[in-house]
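Worksheet for the structure shown next.
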Amino acid sequence: MSQPLPRDPILDAQLNWERRGWGDVAEPMAAITALMRTQQIILQRAETVLRPFGLTFARYELLALLSFARDGALAMSKASALLQVHATSVTNAVDRLEDAGLVARTKHPTDKRTTLIALSDKGRELAAAATEELNSRVFADSGFSDRDIGTLIRIFAKFRRDAGDFGQPEESAGA
């Protein structure tokens, strides 16, 4: 990790926005920029933990998703939808994971157009070990207070729902 900067560059950018006459959007710009920088920091922490496992966070997410599937397999299109990434990204991840013996492509038993991604025993073991490390070294020590975490979850969920990322659950649709 490099030395911390002597000043907050995002606060400096906010002040520059205000000086340029963009004061009405200076705070949202700073908030969005801070969010993007925070994502970079957290992703770097996760990638550092996953590197000894030979995984990127994107590949880990796919392994974790498969480990939660009832039979350890999902249609590639379903994995793409649940991970909220383009099918090409899932294909690339599957290629790498398949080369490492962590997953295998199989044909769907009743729909020949559908390719399933099946988690291997080796993949299940690696996902479990990587999850243990992420839980202890990243998620348990997130850098956020419990109160902040709850607030962030609510803020991000509202933003994502309003952006069309997901719908209102049926049981609380009227609430």
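Letters A, B, ... go to the chains of the structure tokens in the order shown; residues in each chain start at 1; ligands are counted from 1 in the same order.
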
Query - Non-local contacts of stretch 117-130 of chain A (8 Å; only C-alpha atoms; under 3 positions in same chain excluded) as number ranges by chain - result: A: 49-50, 53, 60, 63-64, 66-67, 72-76, 94, 101-106, 133-134

Query raised in the report: Which neighbours of A:Arg45 fall inside 12 Å, counting only C-alpha atoms, when residues of the same chain fewer than 5 positions from it are skipped, and could you give them as a list in words?
Result: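 Within the cut-off, the hits are Met1, Thr38, Gln39, Gln40, Leu50, Arg51, Thr56, Phe57, Glu133, Leu134, Asn135, Ser136, Arg137, Val138, Phe139, Asp141, Ser142 and Gly143 of chain A.
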
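Note that atom CA of A:Arg59 and atom CA of A:Leu97 are 7.3 Å apart.
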
Query - Those in chain A with strand (DSSP E or B) from DSSP, as a PyMOL selection string - result: chain A and resi 73-75+103-107+115-119

Query raised in the report: Do you have the atom CA of A:Ala79-atom CA of A:Thr33 distance handy?
Result: 29.3 Å

**Report entry** DSSP alpha helix (DSSP H) residues within stretch 22-164 of chain A, listed as an NGL selection string
**Finding:** :A and (23-50 or 57-68 or 76-83 or 87-99 or 121-134 or 146-162)

Create the file for the chosen residues now, containing C-alpha atoms and written as a short mmCIF file (atom, residue, chain, number, x, y, z; two decimals), in the first residue's frame.
```cif
data_model
loop_
_atom_site.label_atom_id
_atom_site.label_comp_id
_atom_site.auth_asym_id
_atom_site.auth_seq_id
_atom_site.Cartn_x
_atom_site.Cartn_y
_atom_site.Cartn_z
CA GLY A 23 -21.94 23.93 -6.80
CA ASP A 24 -25.34 22.34 -7.35
CA VAL A 25 -23.66 19.07 -8.39
CA ALA A 26 -20.43 19.32 -6.40
CA GLU A 27 -21.62 17.15 -3.49
CA PRO A 28 -23.19 14.43 -5.66
CA MET A 29 -19.99 14.34 -7.77
CA ALA A 30 -17.94 13.95 -4.58
CA ALA A 31 -20.23 11.25 -3.22
CA ILE A 32 -20.19 9.25 -6.46
CA THR A 33 -16.43 9.62 -6.85
CA ALA A 34 -15.90 8.56 -3.21
CA LEU A 35 -18.14 5.54 -3.77
CA MET A 36 -16.15 4.52 -6.84
CA ARG A 37 -12.84 4.92 -4.96
CA THR A 38 -14.22 2.93 -2.02
CA GLN A 39 -15.19 0.14 -4.42
CA GLN A 40 -11.62 0.10 -5.77
CA ILE A 41 -10.16 -0.19 -2.25
CA ILE A 42 -12.52 -3.00 -1.23
CA LEU A 43 -11.97 -4.88 -4.49
CA GLN A 44 -8.20 -4.62 -4.02
CA ARG A 45 -8.52 -6.09 -0.50
CA ALA A 46 -10.65 -8.97 -1.79
CA GLU A 47 -8.34 -9.64 -4.74
CA THR A 48 -5.34 -9.73 -2.38
CA VAL A 49 -7.05 -12.40 -0.29
CA LEU A 50 -8.10 -14.40 -3.36
CA PHE A 57 -13.25 -11.73 -7.35
CA ALA A 58 -15.34 -12.27 -10.48
CA ARG A 59 -14.33 -15.93 -10.66
CA TYR A 60 -14.85 -16.35 -6.93
CA GLU A 61 -18.38 -14.94 -7.26
CA LEU A 62 -19.21 -17.57 -9.86
CA LEU A 63 -17.82 -20.39 -7.70
CA ALA A 64 -19.73 -19.08 -4.68
CA LEU A 65 -22.93 -18.81 -6.70
CA LEU A 66 -22.55 -22.40 -7.90
CA SER A 67 -21.84 -23.59 -4.36
CA PHE A 68 -25.24 -22.22 -3.30
CA MET A 76 -24.90 -20.15 -17.92
CA SER A 77 -27.69 -17.68 -18.73
CA LYS A 78 -29.02 -17.90 -15.16
CA ALA A 79 -25.53 -17.37 -13.73
CA SER A 80 -25.12 -14.32 -15.95
CA ALA A 81 -28.45 -12.90 -14.75
CA LEU A 82 -27.78 -13.56 -11.06
CA LEU A 83 -24.26 -12.13 -11.22
CA ALA A 87 -22.87 -13.54 -20.80
CA THR A 88 -19.40 -12.99 -22.30
CA SER A 89 -18.01 -12.30 -18.83
CA VAL A 90 -19.46 -15.55 -17.52
CA THR A 91 -18.08 -17.44 -20.53
CA ASN A 92 -14.60 -16.01 -19.89
CA ALA A 93 -14.79 -16.88 -16.19
CA VAL A 94 -16.01 -20.40 -16.97
CA ASP A 95 -13.17 -20.87 -19.47
CA ARG A 96 -10.60 -20.04 -16.78
CA LEU A 97 -12.33 -22.03 -14.05
CA GLU A 98 -12.74 -25.02 -16.38
CA ASP A 99 -9.03 -24.91 -17.27
CA ASP A 121 -15.41 -31.20 -5.96
CA LYS A 122 -12.15 -29.27 -6.29
CA GLY A 123 -14.15 -26.11 -7.08
CA ARG A 124 -16.41 -26.64 -4.05
CA GLU A 125 -13.38 -27.07 -1.76
CA LEU A 126 -11.65 -24.00 -3.18
CA ALA A 127 -14.81 -21.88 -2.90
CA ALA A 128 -15.22 -22.92 0.74
CA ALA A 129 -11.60 -22.13 1.60
CA ALA A 130 -11.67 -18.79 -0.24
CA THR A 131 -14.94 -17.88 1.49
CA GLU A 132 -13.40 -18.58 4.90
CA GLU A 133 -10.52 -16.23 4.09
CA LEU A 134 -12.79 -13.49 2.70
CA ASP A 146 -22.31 -1.97 12.15
CA ARG A 147 -24.53 1.12 12.01
CA ASP A 148 -22.85 2.35 8.82
CA ILE A 149 -23.21 -1.08 7.22
CA GLY A 150 -26.95 -1.10 7.83
CA THR A 151 -27.25 2.43 6.47
CA LEU A 152 -25.19 1.58 3.38
CA ILE A 153 -27.28 -1.51 2.67
CA ARG A 154 -30.49 0.55 2.78
CA ILE A 155 -29.06 3.40 0.68
CA PHE A 156 -27.59 1.10 -1.97
CA ALA A 157 -30.69 -1.13 -2.10
CA LYS A 158 -32.94 1.89 -2.65
CA PHE A 159 -30.63 3.26 -5.35
CA ARG A 160 -30.36 -0.10 -7.11
CA ARG A 161 -34.13 -0.72 -6.93
CA ASP A 162 -34.86 2.80 -8.26
#
```

Query - One-decimal distance in Å that lies between atom CA of A:Ala140 and atom CA of A:Arg70 - result: 26.5 Å
